[in-house]
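One structure below.
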Amino acid sequence: MTRDCEMKTPFIQKLLYVVTDCSPGNHKKTLFMVGETGNNDYTSALFQGRPVEELKHKLMPRIVQSIMDAVRKVISIGAERIIVPGQFPLGCFPVYLTEFPSNSTTAYNKHKCLIALNDLAEAHNNYLQHAISTLQTQKPNTKIVYGDYYNAFEWLLNNAPHLGTRSLLSLRNQSTLKACCGTGGKYNLNSTQRCGSPSVPVCPDPDRHISWDGVHLTQKANRLIATWLVADFLPMIDCKK
């Protein structure tokens, strides 16, 4: 980044790795992605034992407000195409499934994900989409598009056993909720022996798993989800403009 860039637009310095000219007009053809934001906030609160309903009413508005403040800043430096991602279904990730198990079968959906945590993610996404819609009305010349991480992940779960060719290995249904890198327990995850620790094994076939370490997705899962997302939002961002 040039010194001139740092002086003129300090906010953009936090968003871009390489900028040659920071004048607002040069951002018109750039696609900005703001997020996904809030996951660490929800995780921290959940691990502190705070109830889901409290997070919906007290924490969620603050998180979404912060996201929209960032979007407004991006618009202020000339951005005209912005993707604002929502949350993944939190209740489908091994880290939450391990930390918040339930003895009740009604606590889980058809994919064996925790319903309460998925409801939290959906509530966040609905709140965020409403905020995006409001800002879009105020900024008609800017394309502000919601990135539907939730449904992209749902698509992956629904189709995991069938995604594959000879050159692209299929995801095994029994591996969808297990971490590839980890050890112990139903979801191959131990909070005291996380991925990267000595003696923690890595599965021999990461491409057959959705979760890498219980928190992050495998490269295969990320690639498939990215393909779904690009197909979803591409028609909405006016690339030919």
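Residue numbering restarts at 1 for every chain of the structure tokens, chains are lettered A, B, ... in their displayed order, and ligands are numbered from 1 as they appear.
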- Message: Please list as an MDAnalysis selection string every residue within 12 Å of A:Trp212, counting only C-alpha atoms and excluding residues in the same chain fewer than 3 positions away.
- Response: chainID A and resid 93:95 175:183 187:189 194:196 201:209 215:222
- Task: Tell me, as a count of residues only, which residues lie within 10 Å of A:Arg72, counting only C-alpha atoms; anything in the same chain fewer than 6 positions away does not count.
- Result: 4
For A:Ser104: contacts at 12 Å, only C-alpha atoms, fewer than 6 positions along chain excluded, given as a PDB file with C-alpha atoms, in the first residue's frame:
```pdb
ATOM      1  CA  LYS A 112     -28.414 -33.868  14.035  1.00  0.00           C
ATOM      2  CA  LEU A 114     -28.617 -28.230  17.571  1.00  0.00           C
ATOM      3  CA  ILE A 115     -31.882 -26.443  16.794  1.00  0.00           C
TER       4      ILE A 115
END
```
- Message: From a backbone DSSP assignment, name each residue in stretch 17-120 of chain A labelled alpha helix (DSSP H), as an NGL selection string.
- Response: :A and (39-47 or 52-54 or 60-76 or 94-99 or 115-120)
- Task: Output as a list in words all residues of stretch 1-193 of chain A that backbone DSSP marks as strand (DSSP E).
- Result: Leu31, Phe32, Met33, Arg81, Ile82, Ile83, Val84, Pro85, Lys143, Ile144, Val145, Tyr146 and Gly147 of chain A
- Task: In Å, rounded to a single decimal, give me how far atom CA of A:Asn39 is from atom CA of A:Tyr146.
- Result: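 Pair atom CA of A:Tyr146 / atom CA of A:Asn39 returns 16.3 Å.
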- Task: Find, counting only C-alpha atoms, the residue in A:Ser133, A:Thr105, A:Thr37, A:Thr30 that gets nearest to A:Val145.
- Result: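 Smallest distance to A:Val145 is found for A:Ser133.
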- Message: Set the distance at 9 Å and use only C-alpha atoms: which residues neighbour A:Trp155 once local chain neighbours fewer than 4 positions away are removed? I'd like the list as a PyMOL selection string.
- Response: chain A and resi 150-151+159-160+225+228
Same residues, N, CA and C atoms, output as a PDB file, in the first residue's frame:
```pdb
ATOM      1  N   TYR A 150     -25.878 -19.369   5.472  1.00  0.00           N
ATOM      2  CA  TYR A 150     -26.711 -20.393   6.128  1.00  0.00           C
ATOM      3  C   TYR A 150     -27.236 -21.407   5.116  1.00  0.00           C
ATOM      4  N   ASN A 151     -27.880 -20.920   4.066  1.00  0.00           N
ATOM      5  CA  ASN A 151     -28.453 -21.835   3.092  1.00  0.00           C
ATOM      6  C   ASN A 151     -27.399 -22.511   2.228  1.00  0.00           C
ATOM      7  N   ASN A 159     -26.582 -32.299   0.354  1.00  0.00           N
ATOM      8  CA  ASN A 159     -26.035 -32.951  -0.834  1.00  0.00           C
ATOM      9  C   ASN A 159     -24.685 -33.619  -0.617  1.00  0.00           C
ATOM     10  N   ALA A 160     -24.179 -33.572   0.611  1.00  0.00           N
ATOM     11  CA  ALA A 160     -22.847 -34.094   0.884  1.00  0.00           C
ATOM     12  C   ALA A 160     -22.600 -35.504   0.346  1.00  0.00           C
ATOM     13  N   ILE A 225     -18.978 -24.415  -0.956  1.00  0.00           N
ATOM     14  CA  ILE A 225     -19.844 -23.345  -0.466  1.00  0.00           C
ATOM     15  C   ILE A 225     -19.621 -22.065  -1.271  1.00  0.00           C
ATOM     16  N   TRP A 228     -21.471 -22.198  -4.527  1.00  0.00           N
ATOM     17  CA  TRP A 228     -22.908 -21.954  -4.323  1.00  0.00           C
ATOM     18  C   TRP A 228     -23.159 -20.460  -4.128  1.00  0.00           C
TER      19      TRP A 228
END
```
- Between A:His111, A:Lys186, A:Arg81, A:Lys73, which is the closest to A:Leu234 once you count only C-alpha atoms? A:Arg81
- Task: Just give me the gap between atom CA of A:Tyr42 and atom CA of A:Asp119 in Å, one decimal is fine.
- Result: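 So the answer is 12.6 Å.
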